[in-house]
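Visitor: This structure is in structure tokens; I'll ask about it shortly.
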Amino acid sequence: QQQVKQSPQSLIVQKGGISIINCAYENTAFDYFPWYQQFPGKGPALLIAIRPDVSEKKEGRFTISFNKSAKQFSLHIMDSQPGDSATYFCAAFLYNFNKFYFGSGTKLNVKP
Amino acid sequence: KAGVTQTPRYLIKTRGQQVTLSCSPISGHRSVSWYQQTPGQGLQFLFEYFSETQRNKGNFPGRFSGRQFSNSRSEMNVSTLELGDSALYLCASSSLAGDDRLFFGSGTQLSVL
């Protein structure tokens with residue numbers, strides 16, 4: 001059973017547009033929800049993260065929206081740039097088990 | 001500070017062979033995790049080591065094994081390779097057990113022919 005479901009699988013956005021990636025989780029015990037960004041030929045790198053006691057976190061053009069009651073969270077990339085073209089993974093972390101559960105990834109392509 | 005180093009970057013093997021992948025974590029990091037990345041499946045957790053002890057294990061067959069050395073370096077071994085084992089294998093390190101921040105290496109791309 002997949003603990004974290006991510007959509008869409010791929011996304012094409014025009015430069016300057018808003019990119020939105022959604023994730024849903026099952027386990028209400030998750031403590032921490034990070035997003036990782038992966039460029040071709042590289043490993044994923046932490047982009048932004050949120051804890052479940054906060055509904056939104058913003059860092060520059062990147063924002064996480066978190067809906068605890070719906071068990072959903074999403075990544076919004078404002079003013080998307082071609083340099084944002086990458087694969088994005090959402091994840092959920094259980095501190096007690098020291099275990100991450102990753103979504104299946106979203107390949108974002110920002111057209112110039 | 002050097003990042004997580006994985007070797008080799010690419011590997012081509014044939015079915016039935018075995019393979020060993022290596023990971024050197026960031027200096028001072030004691031936890032090393034391994035993930036398998038395939039298109040459409042995302043990152044599947046293999047196992048995690050801390051202070052030379054396996055603390056967590058994912059749902060992979062026993063052909064997948066690993067170990068960690070006293071200097072925190074880790075190796076992953078896959079025996080009796082199958083075509084479906086073709087994937088990018090990623091190693092990630094974190095400073096402590098329970099640390100919520102993972103630092104990934106660039107991975108080893110394994111192709112099984």
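Order determines the names: the first chain of the structure tokens is A, the second B, and so forth; residues in each chain are numbered 1 upward, and ligands are numbered 1 upward as they are shown.
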Give me the residues near Phe104 (chain B) as JSON, numbers by chain, where near means some atom within 8 Å (using only C-alpha atoms) and where sequence neighbours in that chain fewer than 4 positions away do not count.
Guide: {"A": [43, 44, 45], "B": [4, 90, 91, 92, 93]}
Visitor: Could you make a table, as JSON lines, of the residues of region 57-91 of chain B that have an atom within 9 Å of an atom of region 25-36 of chain B, each with its nearest atom pair and distance in Å to one decimal, counting only C-alpha atoms, in chain and number order?
Guide:
```
{"residue": "B:Gly66", "atom": "CA", "partner": "B:Trp34", "partner_atom": "CA", "distance": 8.8}
{"residue": "B:Gln68", "atom": "CA", "partner": "B:Val32", "partner_atom": "CA", "distance": 8.0}
{"residue": "B:Asn71", "atom": "CA", "partner": "B:Arg30", "partner_atom": "CA", "distance": 8.4}
{"residue": "B:Ser72", "atom": "CA", "partner": "B:Arg30", "partner_atom": "CA", "distance": 5.6}
{"residue": "B:Arg73", "atom": "CA", "partner": "B:Pro25", "partner_atom": "CA", "distance": 6.2}
{"residue": "B:Ser74", "atom": "CA", "partner": "B:Val32", "partner_atom": "CA", "distance": 7.0}
{"residue": "B:Met76", "atom": "CA", "partner": "B:Trp34", "partner_atom": "CA", "distance": 7.9}
{"residue": "B:Asp85", "atom": "CA", "partner": "B:Gln36", "partner_atom": "CA", "distance": 8.9}
{"residue": "B:Ala87", "atom": "CA", "partner": "B:Gln36", "partner_atom": "CA", "distance": 6.4}
{"residue": "B:Leu88", "atom": "CA", "partner": "B:Gln36", "partner_atom": "CA", "distance": 6.0}
{"residue": "B:Tyr89", "atom": "CA", "partner": "B:Gln36", "partner_atom": "CA", "distance": 4.7}
{"residue": "B:Leu90", "atom": "CA", "partner": "B:Tyr35", "partner_atom": "CA", "distance": 5.0}
{"residue": "B:Cys91", "atom": "CA", "partner": "B:Trp34", "partner_atom": "CA", "distance": 4.6}
```
Visitor: Got time to write the residues from that selection, N, CA and C atoms, as a PDB file, in the first residue's frame?
Guide:
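Saved as part.pdb:
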```pdb
ATOM      1  N   GLY B  66      22.915  -5.206   2.749  1.00  0.00           N
ATOM      2  CA  GLY B  66      23.811  -4.077   2.929  1.00  0.00           C
ATOM      3  C   GLY B  66      24.624  -4.230   4.194  1.00  0.00           C
ATOM      4  N   GLN B  68      27.284  -1.587   6.976  1.00  0.00           N
ATOM      5  CA  GLN B  68      27.922  -0.303   7.253  1.00  0.00           C
ATOM      6  C   GLN B  68      29.182  -0.567   8.047  1.00  0.00           C
ATOM      7  N   ASN B  71      33.584   3.391   9.847  1.00  0.00           N
ATOM      8  CA  ASN B  71      33.778   4.782   9.418  1.00  0.00           C
ATOM      9  C   ASN B  71      32.510   5.350   8.766  1.00  0.00           C
ATOM     10  N   SER B  72      31.393   4.645   8.915  1.00  0.00           N
ATOM     11  CA  SER B  72      30.066   5.009   8.409  1.00  0.00           C
ATOM     12  C   SER B  72      29.872   4.752   6.916  1.00  0.00           C
ATOM     13  N   ARG B  73      30.941   4.405   6.210  1.00  0.00           N
ATOM     14  CA  ARG B  73      30.768   4.045   4.808  1.00  0.00           C
ATOM     15  C   ARG B  73      29.863   2.825   4.715  1.00  0.00           C
ATOM     16  N   SER B  74      29.104   2.751   3.629  1.00  0.00           N
ATOM     17  CA  SER B  74      28.151   1.658   3.488  1.00  0.00           C
ATOM     18  C   SER B  74      28.275   1.014   2.121  1.00  0.00           C
ATOM     19  N   MET B  76      26.062  -1.754  -0.542  1.00  0.00           N
ATOM     20  CA  MET B  76      24.839  -2.478  -0.823  1.00  0.00           C
ATOM     21  C   MET B  76      25.174  -3.570  -1.830  1.00  0.00           C
ATOM     22  N   ASP B  85      15.847  -5.392 -11.669  1.00  0.00           N
ATOM     23  CA  ASP B  85      16.703  -4.675 -10.716  1.00  0.00           C
ATOM     24  C   ASP B  85      17.337  -3.443 -11.353  1.00  0.00           C
ATOM     25  N   ALA B  87      17.849   0.032 -12.224  1.00  0.00           N
ATOM     26  CA  ALA B  87      17.323   1.208 -11.532  1.00  0.00           C
ATOM     27  C   ALA B  87      18.482   2.118 -11.154  1.00  0.00           C
ATOM     28  N   LEU B  88      18.096   3.287 -10.647  1.00  0.00           N
ATOM     29  CA  LEU B  88      19.066   4.190 -10.032  1.00  0.00           C
ATOM     30  C   LEU B  88      19.032   3.898  -8.535  1.00  0.00           C
ATOM     31  N   TYR B  89      20.186   3.581  -7.977  1.00  0.00           N
ATOM     32  CA  TYR B  89      20.259   3.305  -6.544  1.00  0.00           C
ATOM     33  C   TYR B  89      20.880   4.510  -5.844  1.00  0.00           C
ATOM     34  N   LEU B  90      20.126   5.051  -4.937  1.00  0.00           N
ATOM     35  CA  LEU B  90      20.525   6.271  -4.236  1.00  0.00           C
ATOM     36  C   LEU B  90      20.870   5.970  -2.796  1.00  0.00           C
ATOM     37  N   CYS B  91      21.918   6.615  -2.354  1.00  0.00           N
ATOM     38  CA  CYS B  91      22.318   6.542  -0.965  1.00  0.00           C
ATOM     39  C   CYS B  91      22.070   7.919  -0.355  1.00  0.00           C
TER      40      CYS B  91
END
```
Visitor: Could you check how far CA of Gln3 (chain A) sits from CA of Tyr101 (chain A), in Å to one decimal?
Guide: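 Distance between the two atoms: 6.6 Å.
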Visitor: Using only C-alpha atoms, which of the listed residues (A:Lys58, A:Lys71, A:Lys107, A:Lys15) sits closest to chain B?
Guide: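 The answer is A:Lys107, which sits nearest to chain B.
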Visitor: What are the nearest atom pairs, with distances in Å to one decimal, for all residues of chain B that come at most 6 Å from chain A, using only C-alpha atoms, set out by chain and rising residue number as CSV?
Guide:
```
residue,atom,partner,partner_atom,distance
B:Gly40,CA,A:Ser104,CA,5.8
B:Gln41,CA,A:Ser104,CA,5.0
B:Gly42,CA,A:Ser104,CA,3.7
B:Leu43,CA,A:Phe102,CA,5.9
B:Gly98,CA,A:Asn98,CA,4.9
B:Phe104,CA,A:Gly43,CA,5.3
B:Gly105,CA,A:Gly43,CA,5.3
B:Ser106,CA,A:Gly43,CA,4.2
```
Visitor: Hey, can you spit out that residue selection with N, CA and C atoms as a compact mmCIF listing (two decimals), in the first residue's frame?
Guide:
```txt
# COMPACT_ATOMS: atom_id res chain seq x y z
N GLY B 40 8.27 6.15 -12.47
CA GLY B 40 6.89 5.87 -12.10
C GLY B 40 6.72 5.28 -10.71
N GLN B 41 7.78 4.78 -10.13
CA GLN B 41 7.69 4.17 -8.79
C GLN B 41 8.27 5.06 -7.70
N GLY B 42 8.94 6.08 -8.11
CA GLY B 42 9.50 6.97 -7.12
C GLY B 42 10.67 6.35 -6.40
N LEU B 43 10.81 6.70 -5.13
CA LEU B 43 11.92 6.22 -4.32
C LEU B 43 11.41 5.14 -3.38
N GLY B 98 17.01 9.50 13.43
CA GLY B 98 15.87 10.36 13.69
C GLY B 98 15.99 11.74 13.10
N PHE B 104 21.31 13.30 -0.27
CA PHE B 104 21.46 12.22 -1.24
C PHE B 104 22.74 12.35 -2.05
N GLY B 105 23.27 11.20 -2.43
CA GLY B 105 24.32 11.16 -3.43
C GLY B 105 23.69 11.20 -4.81
N SER B 106 24.55 11.19 -5.85
CA SER B 106 24.05 11.24 -7.23
C SER B 106 23.59 9.89 -7.74
```
Visitor: Enter the distance from CA of Arg63 (chain B) to CA of Leu102 (chain B), in Å, rounded to one decimal.
Guide: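 Separation between CA of Arg63 (chain B) and CA of Leu102 (chain B): 25.1 Å.
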Visitor: List the neighbours of Val110 (chain A) out to 7 Å using only C-alpha atoms; skip same-chain residues closer than 2 positions along the sequence, and give me the result as a list in words.
Guide: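 Listing them by chain and then by number gives Ile12, Val13, Gln14, Lys15, Ser80, Gln81, Pro82, Asp84, Ser85, Leu108 and Pro112 of chain A.
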Visitor: If DSSP is run on the backbone, what residues of region 16-109 of chain A are strand (DSSP E or B)? A reply as number ranges by chain would be ideal.
Guide: A: 19-25, 32-38, 45-50, 56-59, 62-67, 72-77, 86-94, 99-102, 106-109
Visitor: From the options B:Thr20, B:Gly3, B:Ser86, B:Gln54, which residue's atoms come nearest to Leu110 (chain B), counting only C-alpha atoms?
Guide: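 Counting only C-alpha atoms, the residue closest to Leu110 (chain B) is B:Ser86.
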Visitor: Between CA of Tyr25 (chain A) and CA of Phe45 (chain B), what is the distance, to one decimal in Å?
Guide: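 Result for CA of Tyr25 (chain A) versus CA of Phe45 (chain B): 16.7 Å, one decimal.
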